[in-house]
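Engineer: Here it is, the structure, as structure tokens.
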Amino acid sequence: MSEMEEKTPFAKIEDAVKKCEDASNVEVVVVFSKRSGPYRDVHFLCGAISALVTALFLVFSSINFSPIYLAPNLIVMFFFGYALPWLIPSLYIWLTSQERRAKQVQAAAELSFFRQGVSLTRSRTGLLLFLSLQEGDGALLGDLGVRKAIPGDKLGELTLKLRQAAGAKDPVEATLSYLDDLAEPLGKFVPFNASNPNELPNRPVWLEGGETWP
């Protein structure tokens with residue numbers, strides 16, 4: 001890479017992860033997920049509302065129409081409403097509770113913890129930073145060695161800051177700033193051990209629809 005070529009945000013995060021691992025014995029894995037749940041019920045709800053509004057309009061309006069067109073119109077409007085959350089992602093937030101979204105983010109993070117191999121490090125010092133962009137929320141999951149070394153109140157503080165980063169206007173840039181600040185406490189509570197190899201990739205992972213994207 002030439003000196004004039006600027007690194008991509010993900011490349012910067014990769015460097016920040018390396019900085020954390022050079023300062024400590026922790027294996028840091030960063031995962032960005034487009035969403036933490038399929039929200040199929042939201043799609044069906046929007047479809048049902050769209051069909052209901054159409055039916056009420058056709059029944060009570062002064063427009064003359066043949067009854068033969070009622071069913072096709074309702075079907076078309078149902079599928080229009082079903083697709084609406086893809087066009088207006090805010091509907092996923094408006095039509096679900098914060099508690100539900102938080103539970104889905106936590107469940108998705110726990111699944112990612114195992115799928116990304118965070119639980120398989122030699123010293124049990126894996127640490128997952130999981131950020132779910134649609135929900136604007138995140139989860140910080142540490143393996144046994146991390147949870148034993150870092151006090152609970154400190155882990156709680158770091159978790160809160162990560163969740164704030166996930167909800168920031170620019171989550172990637174906020175995560176980069178978070179990682180820069182994370183190196184110091186990791187080095188303090190889980191000191192660097194030269195004999196510990198780099199067991200997990202430093203490059204952040206992008207998840208969409210359950211698939212890992214490069």
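Labels used: A, B, ... for chains in the order of the structure tokens, numbers from 1 for residues in each chain, and numbers from 1 for ligands as shown.
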Could you pull out all residues of segment 18-208 of chain A with a DSSP call of strand (DSSP E) and give them as an mmCIF file with all heavy atoms, in the first residue's frame?
Structural biologist:
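The resulting file, result.cif, is shown below:
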```cif
data_model
loop_
_atom_site.group_PDB
_atom_site.id
_atom_site.type_symbol
_atom_site.label_atom_id
_atom_site.label_comp_id
_atom_site.auth_asym_id
_atom_site.auth_seq_id
_atom_site.Cartn_x
_atom_site.Cartn_y
_atom_site.Cartn_z
ATOM 1 N N GLU A 27 -7.636 -12.315 22.707
ATOM 2 C CA GLU A 27 -7.913 -12.481 21.280
ATOM 3 C C GLU A 27 -9.224 -11.764 20.981
ATOM 4 O O GLU A 27 -10.303 -12.218 21.386
ATOM 5 C CB GLU A 27 -8.016 -13.960 20.918
ATOM 6 C CG GLU A 27 -6.703 -14.702 20.901
ATOM 7 C CD GLU A 27 -5.838 -14.328 19.709
ATOM 8 O OE1 GLU A 27 -6.399 -13.997 18.646
ATOM 9 O OE2 GLU A 27 -4.612 -14.363 19.847
ATOM 10 N N VAL A 28 -9.154 -10.630 20.291
ATOM 11 C CA VAL A 28 -10.323 -9.801 20.031
ATOM 12 C C VAL A 28 -10.918 -10.134 18.666
ATOM 13 O O VAL A 28 -10.193 -10.194 17.671
ATOM 14 C CB VAL A 28 -9.957 -8.296 20.090
ATOM 15 C CG1 VAL A 28 -11.172 -7.437 19.754
ATOM 16 C CG2 VAL A 28 -9.408 -7.935 21.472
ATOM 17 N N VAL A 29 -12.226 -10.339 18.637
ATOM 18 C CA VAL A 29 -12.949 -10.577 17.391
ATOM 19 C C VAL A 29 -14.069 -9.551 17.293
ATOM 20 O O VAL A 29 -14.874 -9.406 18.216
ATOM 21 C CB VAL A 29 -13.549 -12.003 17.337
ATOM 22 C CG1 VAL A 29 -14.398 -12.182 16.078
ATOM 23 C CG2 VAL A 29 -12.435 -13.044 17.381
ATOM 24 N N VAL A 30 -14.117 -8.837 16.170
ATOM 25 C CA VAL A 30 -15.141 -7.811 15.949
ATOM 26 C C VAL A 30 -16.101 -8.303 14.870
ATOM 27 O O VAL A 30 -15.679 -8.674 13.780
ATOM 28 C CB VAL A 30 -14.521 -6.467 15.518
ATOM 29 C CG1 VAL A 30 -15.616 -5.426 15.278
ATOM 30 C CG2 VAL A 30 -13.542 -5.969 16.571
ATOM 31 N N VAL A 31 -17.397 -8.303 15.200
ATOM 32 C CA VAL A 31 -18.422 -8.744 14.261
ATOM 33 C C VAL A 31 -19.456 -7.638 14.078
ATOM 34 O O VAL A 31 -20.022 -7.139 15.060
ATOM 35 C CB VAL A 31 -19.123 -10.028 14.757
ATOM 36 C CG1 VAL A 31 -20.303 -10.374 13.846
ATOM 37 C CG2 VAL A 31 -18.142 -11.185 14.802
ATOM 38 N N PHE A 32 -19.689 -7.254 12.830
ATOM 39 C CA PHE A 32 -20.773 -6.341 12.480
ATOM 40 C C PHE A 32 -21.876 -7.163 11.832
ATOM 41 O O PHE A 32 -21.632 -7.890 10.870
ATOM 42 C CB PHE A 32 -20.306 -5.262 11.500
ATOM 43 C CG PHE A 32 -19.347 -4.270 12.076
ATOM 44 C CD1 PHE A 32 -17.978 -4.438 11.910
ATOM 45 C CD2 PHE A 32 -19.807 -3.177 12.787
ATOM 46 C CE1 PHE A 32 -17.082 -3.524 12.443
ATOM 47 C CE2 PHE A 32 -18.919 -2.251 13.316
ATOM 48 C CZ PHE A 32 -17.553 -2.423 13.142
ATOM 49 N N SER A 33 -23.083 -7.041 12.351
ATOM 50 C CA SER A 33 -24.222 -7.765 11.795
ATOM 51 C C SER A 33 -25.254 -6.767 11.288
ATOM 52 O O SER A 33 -25.572 -5.794 11.971
ATOM 53 C CB SER A 33 -24.851 -8.662 12.866
ATOM 54 O OG SER A 33 -25.951 -9.362 12.348
ATOM 55 N N GLY A 126 -10.626 -15.261 24.685
ATOM 56 C CA GLY A 126 -11.302 -14.654 23.539
ATOM 57 C C GLY A 126 -12.284 -13.585 23.991
ATOM 58 O O GLY A 126 -12.905 -13.688 25.056
ATOM 59 N N LEU A 127 -12.426 -12.538 23.175
ATOM 60 C CA LEU A 127 -13.353 -11.450 23.489
ATOM 61 C C LEU A 127 -14.075 -11.045 22.212
ATOM 62 O O LEU A 127 -13.448 -10.651 21.225
ATOM 63 C CB LEU A 127 -12.604 -10.254 24.068
ATOM 64 C CG LEU A 127 -13.454 -9.036 24.452
ATOM 65 C CD1 LEU A 127 -14.392 -9.376 25.613
ATOM 66 C CD2 LEU A 127 -12.569 -7.849 24.815
ATOM 67 N N LEU A 128 -15.408 -11.150 22.223
ATOM 68 C CA LEU A 128 -16.218 -10.811 21.056
ATOM 69 C C LEU A 128 -16.844 -9.437 21.226
ATOM 70 O O LEU A 128 -17.494 -9.151 22.226
ATOM 71 C CB LEU A 128 -17.323 -11.841 20.856
ATOM 72 C CG LEU A 128 -18.351 -11.514 19.763
ATOM 73 C CD1 LEU A 128 -17.717 -11.594 18.380
ATOM 74 C CD2 LEU A 128 -19.559 -12.445 19.850
ATOM 75 N N LEU A 129 -16.639 -8.592 20.199
ATOM 76 C CA LEU A 129 -17.334 -7.312 20.107
ATOM 77 C C LEU A 129 -18.380 -7.477 19.007
ATOM 78 O O LEU A 129 -18.042 -7.565 17.832
ATOM 79 C CB LEU A 129 -16.375 -6.174 19.744
ATOM 80 C CG LEU A 129 -15.502 -5.561 20.846
ATOM 81 C CD1 LEU A 129 -14.569 -6.606 21.452
ATOM 82 C CD2 LEU A 129 -14.699 -4.404 20.289
ATOM 83 N N PHE A 130 -19.650 -7.555 19.397
ATOM 84 C CA PHE A 130 -20.738 -7.798 18.454
ATOM 85 C C PHE A 130 -21.584 -6.544 18.342
ATOM 86 O O PHE A 130 -22.109 -6.041 19.333
ATOM 87 C CB PHE A 130 -21.592 -8.969 18.931
ATOM 88 C CG PHE A 130 -22.689 -9.363 17.963
ATOM 89 C CD1 PHE A 130 -22.444 -10.275 16.956
ATOM 90 C CD2 PHE A 130 -23.959 -8.821 18.085
ATOM 91 C CE1 PHE A 130 -23.448 -10.647 16.066
ATOM 92 C CE2 PHE A 130 -24.972 -9.180 17.204
ATOM 93 C CZ PHE A 130 -24.715 -10.097 16.195
ATOM 94 N N LEU A 131 -21.718 -6.031 17.106
ATOM 95 C CA LEU A 131 -22.501 -4.823 16.863
ATOM 96 C C LEU A 131 -23.575 -5.120 15.826
ATOM 97 O O LEU A 131 -23.271 -5.546 14.716
ATOM 98 C CB LEU A 131 -21.609 -3.676 16.384
ATOM 99 C CG LEU A 131 -20.494 -3.232 17.332
ATOM 100 C CD1 LEU A 131 -19.185 -3.944 16.983
ATOM 101 C CD2 LEU A 131 -20.311 -1.733 17.285
ATOM 102 N N SER A 132 -24.826 -4.916 16.216
ATOM 103 C CA SER A 132 -25.962 -5.154 15.323
ATOM 104 C C SER A 132 -26.478 -3.804 14.848
ATOM 105 O O SER A 132 -27.018 -3.017 15.639
ATOM 106 C CB SER A 132 -27.056 -5.928 16.066
ATOM 107 O OG SER A 132 -28.034 -6.390 15.168
ATOM 108 N N ASP A 137 -27.488 -1.657 18.549
ATOM 109 C CA ASP A 137 -27.147 -2.214 19.851
ATOM 110 C C ASP A 137 -25.985 -3.191 19.689
ATOM 111 O O ASP A 137 -25.667 -3.604 18.571
ATOM 112 C CB ASP A 137 -28.358 -2.921 20.452
ATOM 113 C CG ASP A 137 -28.269 -3.068 21.964
ATOM 114 O OD1 ASP A 137 -27.247 -2.651 22.547
ATOM 115 O OD2 ASP A 137 -29.230 -3.588 22.559
ATOM 116 N N GLY A 138 -25.378 -3.558 20.802
ATOM 117 C CA GLY A 138 -24.235 -4.461 20.732
ATOM 118 C C GLY A 138 -24.110 -5.300 21.987
ATOM 119 O O GLY A 138 -24.859 -5.129 22.956
ATOM 120 N N ALA A 139 -23.162 -6.217 21.961
ATOM 121 C CA ALA A 139 -22.904 -7.095 23.103
ATOM 122 C C ALA A 139 -21.411 -7.370 23.176
ATOM 123 O O ALA A 139 -20.744 -7.522 22.142
ATOM 124 C CB ALA A 139 -23.687 -8.397 22.972
ATOM 125 N N LEU A 140 -20.908 -7.427 24.394
ATOM 126 C CA LEU A 140 -19.493 -7.728 24.640
ATOM 127 C C LEU A 140 -19.438 -9.043 25.398
ATOM 128 O O LEU A 140 -19.893 -9.137 26.541
ATOM 129 C CB LEU A 140 -18.853 -6.607 25.460
ATOM 130 C CG LEU A 140 -17.343 -6.721 25.723
ATOM 131 C CD1 LEU A 140 -16.555 -6.525 24.431
ATOM 132 C CD2 LEU A 140 -16.910 -5.683 26.763
ATOM 133 N N LEU A 141 -18.893 -10.083 24.758
ATOM 134 C CA LEU A 141 -18.850 -11.413 25.362
ATOM 135 C C LEU A 141 -17.409 -11.877 25.511
ATOM 136 O O LEU A 141 -16.680 -11.971 24.517
ATOM 137 C CB LEU A 141 -19.632 -12.416 24.511
ATOM 138 C CG LEU A 141 -21.118 -12.130 24.274
ATOM 139 C CD1 LEU A 141 -21.744 -13.248 23.453
ATOM 140 C CD2 LEU A 141 -21.855 -11.955 25.584
ATOM 141 N N GLY A 142 -17.014 -12.141 26.739
ATOM 142 C CA GLY A 142 -15.666 -12.615 26.999
ATOM 143 C C GLY A 142 -15.659 -14.069 27.419
ATOM 144 O O GLY A 142 -16.599 -14.538 28.080
ATOM 145 N N VAL A 205 -15.575 -9.060 10.944
ATOM 146 C CA VAL A 205 -16.480 -9.919 10.182
ATOM 147 C C VAL A 205 -17.780 -9.160 9.924
ATOM 148 O O VAL A 205 -18.298 -8.479 10.811
ATOM 149 C CB VAL A 205 -16.774 -11.222 10.958
ATOM 150 C CG1 VAL A 205 -17.790 -12.079 10.208
ATOM 151 C CG2 VAL A 205 -15.484 -11.991 11.201
ATOM 152 N N TRP A 206 -18.280 -9.271 8.699
ATOM 153 C CA TRP A 206 -19.569 -8.666 8.340
ATOM 154 C C TRP A 206 -20.580 -9.779 8.108
ATOM 155 O O TRP A 206 -20.358 -10.673 7.302
ATOM 156 C CB TRP A 206 -19.431 -7.817 7.076
ATOM 157 C CG TRP A 206 -20.742 -7.332 6.535
ATOM 158 C CD1 TRP A 206 -21.387 -7.793 5.422
ATOM 159 C CD2 TRP A 206 -21.583 -6.305 7.076
ATOM 160 N NE1 TRP A 206 -22.579 -7.120 5.236
ATOM 161 C CE2 TRP A 206 -22.712 -6.205 6.233
ATOM 162 C CE3 TRP A 206 -21.482 -5.467 8.189
ATOM 163 C CZ2 TRP A 206 -23.742 -5.284 6.475
ATOM 164 C CZ3 TRP A 206 -22.504 -4.554 8.422
ATOM 165 C CH2 TRP A 206 -23.607 -4.459 7.576
ATOM 166 N N LEU A 207 -21.692 -9.743 8.853
ATOM 167 C CA LEU A 207 -22.727 -10.770 8.739
ATOM 168 C C LEU A 207 -23.977 -10.173 8.116
ATOM 169 O O LEU A 207 -24.431 -9.112 8.508
ATOM 170 C CB LEU A 207 -23.084 -11.332 10.125
ATOM 171 C CG LEU A 207 -21.982 -12.040 10.895
ATOM 172 C CD1 LEU A 207 -22.504 -12.484 12.254
ATOM 173 C CD2 LEU A 207 -21.442 -13.231 10.131
ATOM 174 N N GLU A 208 -24.524 -10.917 7.160
ATOM 175 C CA GLU A 208 -25.775 -10.501 6.535
ATOM 176 C C GLU A 208 -26.551 -11.739 6.151
ATOM 177 O O GLU A 208 -26.074 -12.550 5.357
ATOM 178 C CB GLU A 208 -25.523 -9.643 5.301
ATOM 179 C CG GLU A 208 -26.802 -9.119 4.660
ATOM 180 C CD GLU A 208 -26.502 -8.104 3.565
ATOM 181 O OE1 GLU A 208 -25.336 -7.745 3.376
ATOM 182 O OE2 GLU A 208 -27.462 -7.690 2.910
#
```
Engineer: Please return, as JSON, numbers by chain, all residues of segment 1-62 of chain A that DSSP assigns to alpha helix (DSSP H) on the basis of the backbone.
Structural biologist: {"A": [9, 10, 11, 12, 13, 14, 15, 16, 17, 18, 19, 20, 21, 22, 23, 40, 41, 42, 43, 44, 45, 46, 47, 48, 49, 50, 51, 52, 53, 54, 55, 56, 57, 58, 59, 60]}
Engineer: Determine, counting only C-alpha atoms, which protein, DNA and RNA residues have an atom within 12 Å of an atom of Val76 of chain A; residues of the same chain fewer than 2 positions away are not included. Present the result as a VMD selection string.
Structural biologist: chain A and resid 47 to 48 50 to 52 54 to 55 69 to 74 78 to 83
Engineer: Within 12 Å of Glu21 of chain A, counting only C-alpha atoms, which residues show up once you throw out same-chain ones fewer than 6 positions away? Write them as a VMD selection string, please.
Structural biologist: chain A and resid 14 to 15 27 to 29 125 to 127 179 to 180 182 to 187 190 to 194 196 to 202
Engineer: So that I have them on file, write out the residues from the current selection with N, CA, C and O atoms, as an mmCIF file, in the first residue's frame.
Structural biologist:
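Result file out38.cif:
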```
data_model
loop_
_atom_site.group_PDB
_atom_site.id
_atom_site.type_symbol
_atom_site.label_atom_id
_atom_site.label_comp_id
_atom_site.auth_asym_id
_atom_site.auth_seq_id
_atom_site.Cartn_x
_atom_site.Cartn_y
_atom_site.Cartn_z
ATOM 1 N N GLU A 14 -8.943 -3.514 11.795
ATOM 2 C CA GLU A 14 -8.010 -4.648 11.883
ATOM 3 C C GLU A 14 -6.724 -4.231 12.591
ATOM 4 O O GLU A 14 -6.198 -4.959 13.444
ATOM 5 N N ASP A 15 -6.219 -3.053 12.267
ATOM 6 C CA ASP A 15 -5.017 -2.547 12.936
ATOM 7 C C ASP A 15 -5.284 -2.281 14.418
ATOM 8 O O ASP A 15 -4.424 -2.532 15.269
ATOM 9 N N GLU A 27 -7.636 -12.315 22.707
ATOM 10 C CA GLU A 27 -7.913 -12.481 21.280
ATOM 11 C C GLU A 27 -9.224 -11.764 20.981
ATOM 12 O O GLU A 27 -10.303 -12.218 21.386
ATOM 13 N N VAL A 28 -9.154 -10.630 20.291
ATOM 14 C CA VAL A 28 -10.323 -9.801 20.031
ATOM 15 C C VAL A 28 -10.918 -10.134 18.666
ATOM 16 O O VAL A 28 -10.193 -10.194 17.671
ATOM 17 N N VAL A 29 -12.226 -10.339 18.637
ATOM 18 C CA VAL A 29 -12.949 -10.577 17.391
ATOM 19 C C VAL A 29 -14.069 -9.551 17.293
ATOM 20 O O VAL A 29 -14.874 -9.406 18.216
ATOM 21 N N THR A 125 -9.094 -16.743 26.442
ATOM 22 C CA THR A 125 -9.084 -15.281 26.557
ATOM 23 C C THR A 125 -9.660 -14.615 25.309
ATOM 24 O O THR A 125 -9.228 -13.540 24.912
ATOM 25 N N GLY A 126 -10.626 -15.261 24.685
ATOM 26 C CA GLY A 126 -11.302 -14.654 23.539
ATOM 27 C C GLY A 126 -12.284 -13.585 23.991
ATOM 28 O O GLY A 126 -12.905 -13.688 25.056
ATOM 29 N N LEU A 127 -12.426 -12.538 23.175
ATOM 30 C CA LEU A 127 -13.353 -11.450 23.489
ATOM 31 C C LEU A 127 -14.075 -11.045 22.212
ATOM 32 O O LEU A 127 -13.448 -10.651 21.225
ATOM 33 N N LEU A 179 -12.043 0.704 20.177
ATOM 34 C CA LEU A 179 -10.894 -0.201 20.210
ATOM 35 C C LEU A 179 -9.624 0.522 20.655
ATOM 36 O O LEU A 179 -8.786 -0.059 21.365
ATOM 37 N N ASP A 180 -9.472 1.751 20.221
ATOM 38 C CA ASP A 180 -8.296 2.525 20.639
ATOM 39 C C ASP A 180 -8.256 2.681 22.160
ATOM 40 O O ASP A 180 -7.182 2.640 22.775
ATOM 41 N N LEU A 182 -9.791 0.574 24.215
ATOM 42 C CA LEU A 182 -9.883 -0.749 24.833
ATOM 43 C C LEU A 182 -8.516 -1.356 25.136
ATOM 44 O O LEU A 182 -8.379 -2.167 26.064
ATOM 45 N N ALA A 183 -7.502 -0.973 24.378
ATOM 46 C CA ALA A 183 -6.170 -1.578 24.540
ATOM 47 C C ALA A 183 -5.639 -1.407 25.959
ATOM 48 O O ALA A 183 -5.041 -2.337 26.530
ATOM 49 N N GLU A 184 -5.854 -0.239 26.551
ATOM 50 C CA GLU A 184 -5.290 0.042 27.903
ATOM 51 C C GLU A 184 -5.883 -0.858 28.977
ATOM 52 O O GLU A 184 -5.140 -1.526 29.716
ATOM 53 N N PRO A 185 -7.229 -0.955 29.124
ATOM 54 C CA PRO A 185 -7.763 -1.840 30.165
ATOM 55 C C PRO A 185 -7.470 -3.318 29.913
ATOM 56 O O PRO A 185 -7.250 -4.081 30.865
ATOM 57 N N LEU A 186 -7.429 -3.741 28.644
ATOM 58 C CA LEU A 186 -7.102 -5.142 28.369
ATOM 59 C C LEU A 186 -5.676 -5.449 28.812
ATOM 60 O O LEU A 186 -5.406 -6.500 29.403
ATOM 61 N N GLY A 187 -4.752 -4.540 28.507
ATOM 62 C CA GLY A 187 -3.371 -4.742 28.919
ATOM 63 C C GLY A 187 -3.204 -4.730 30.419
ATOM 64 O O GLY A 187 -2.333 -5.410 30.984
ATOM 65 N N VAL A 190 -5.427 -8.163 31.622
ATOM 66 C CA VAL A 190 -4.996 -9.415 30.988
ATOM 67 C C VAL A 190 -3.664 -9.138 30.293
ATOM 68 O O VAL A 190 -3.609 -8.971 29.077
ATOM 69 N N PRO A 191 -2.564 -9.095 31.056
ATOM 70 C CA PRO A 191 -1.274 -8.670 30.510
ATOM 71 C C PRO A 191 -0.790 -9.525 29.342
ATOM 72 O O PRO A 191 -1.134 -10.701 29.223
ATOM 73 N N PHE A 192 0.010 -8.925 28.493
ATOM 74 C CA PHE A 192 0.557 -9.582 27.313
ATOM 75 C C PHE A 192 1.438 -10.755 27.706
ATOM 76 O O PHE A 192 2.223 -10.691 28.649
ATOM 77 N N ASN A 193 1.303 -11.840 26.950
ATOM 78 C CA ASN A 193 2.115 -13.033 27.146
ATOM 79 C C ASN A 193 2.728 -13.395 25.797
ATOM 80 O O ASN A 193 2.014 -13.766 24.868
ATOM 81 N N ALA A 194 4.047 -13.278 25.701
ATOM 82 C CA ALA A 194 4.724 -13.480 24.423
ATOM 83 C C ALA A 194 4.555 -14.897 23.875
ATOM 84 O O ALA A 194 4.668 -15.131 22.667
ATOM 85 N N ASN A 196 1.822 -16.575 23.850
ATOM 86 C CA ASN A 196 0.456 -16.802 23.376
ATOM 87 C C ASN A 196 0.364 -16.445 21.894
ATOM 88 O O ASN A 196 0.573 -15.301 21.503
ATOM 89 N N PRO A 197 0.038 -17.399 21.026
ATOM 90 C CA PRO A 197 -0.007 -17.122 19.578
ATOM 91 C C PRO A 197 -1.265 -16.349 19.182
ATOM 92 O O PRO A 197 -2.239 -16.290 19.936
ATOM 93 N N ASN A 198 -1.231 -15.777 17.994
ATOM 94 C CA ASN A 198 -2.414 -15.117 17.440
ATOM 95 C C ASN A 198 -3.290 -16.203 16.824
ATOM 96 O O ASN A 198 -3.004 -16.717 15.748
ATOM 97 N N GLU A 199 -4.381 -16.563 17.500
ATOM 98 C CA GLU A 199 -5.162 -17.727 17.114
ATOM 99 C C GLU A 199 -6.382 -17.393 16.256
ATOM 100 O O GLU A 199 -6.932 -18.274 15.600
ATOM 101 N N LEU A 200 -6.830 -16.139 16.275
ATOM 102 C CA LEU A 200 -8.040 -15.767 15.544
ATOM 103 C C LEU A 200 -7.751 -14.594 14.617
ATOM 104 O O LEU A 200 -6.917 -13.742 14.933
ATOM 105 N N PRO A 201 -8.443 -14.520 13.473
ATOM 106 C CA PRO A 201 -8.204 -13.415 12.526
ATOM 107 C C PRO A 201 -8.510 -12.059 13.168
ATOM 108 O O PRO A 201 -9.437 -11.930 13.965
ATOM 109 N N ASN A 202 -7.718 -11.062 12.786
ATOM 110 C CA ASN A 202 -7.935 -9.706 13.295
ATOM 111 C C ASN A 202 -8.960 -8.932 12.468
ATOM 112 O O ASN A 202 -9.524 -7.952 12.946
#
```
Engineer: Mind pulling up the distance from atom CA of Pro38 of chain A to atom CA of Phe10 of chain A?
Structural biologist: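 Between atom CA of Phe10 of chain A and atom CA of Pro38 of chain A the gap is 25.3 Å.
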Engineer: Compare A:Ser177, A:Gln134, A:Ser24, A:Ser195 by their minimum atom-to-atom distance to Pro85 of chain A, counting only C-alpha atoms, and give me the closest one.
Structural biologist: A:Gln134
Engineer: Measuring atom to atom with only C-alpha atoms, identify which of A:Val146, A:Ala102, A:Cys46, A:Leu84 is nearest to Val118 of chain A.
Structural biologist: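 Distance minimum relative to Val118 of chain A lands on A:Val146.
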Engineer: Quick check, in Å to one decimal: how far apart do atom CA of Pro171 of chain A and atom CA of Glu157 of chain A lie?
Structural biologist: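 Separating atom CA of Pro171 of chain A from atom CA of Glu157 of chain A is a distance of 17.9 Å.
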Engineer: Between A:Phe189, A:Tyr178, A:Tyr39, A:Phe113, which residue has the minimum interatomic distance to Val26 of chain A, considering only C-alpha atoms?
Structural biologist: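 Counting only C-alpha atoms, the residue closest to Val26 of chain A is A:Phe189.
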Engineer: Please measure the separation of atom CA of Gln164 of chain A and atom CA of Thr121 of chain A, giving the value in Å to one decimal.
Structural biologist: 27.6 Å
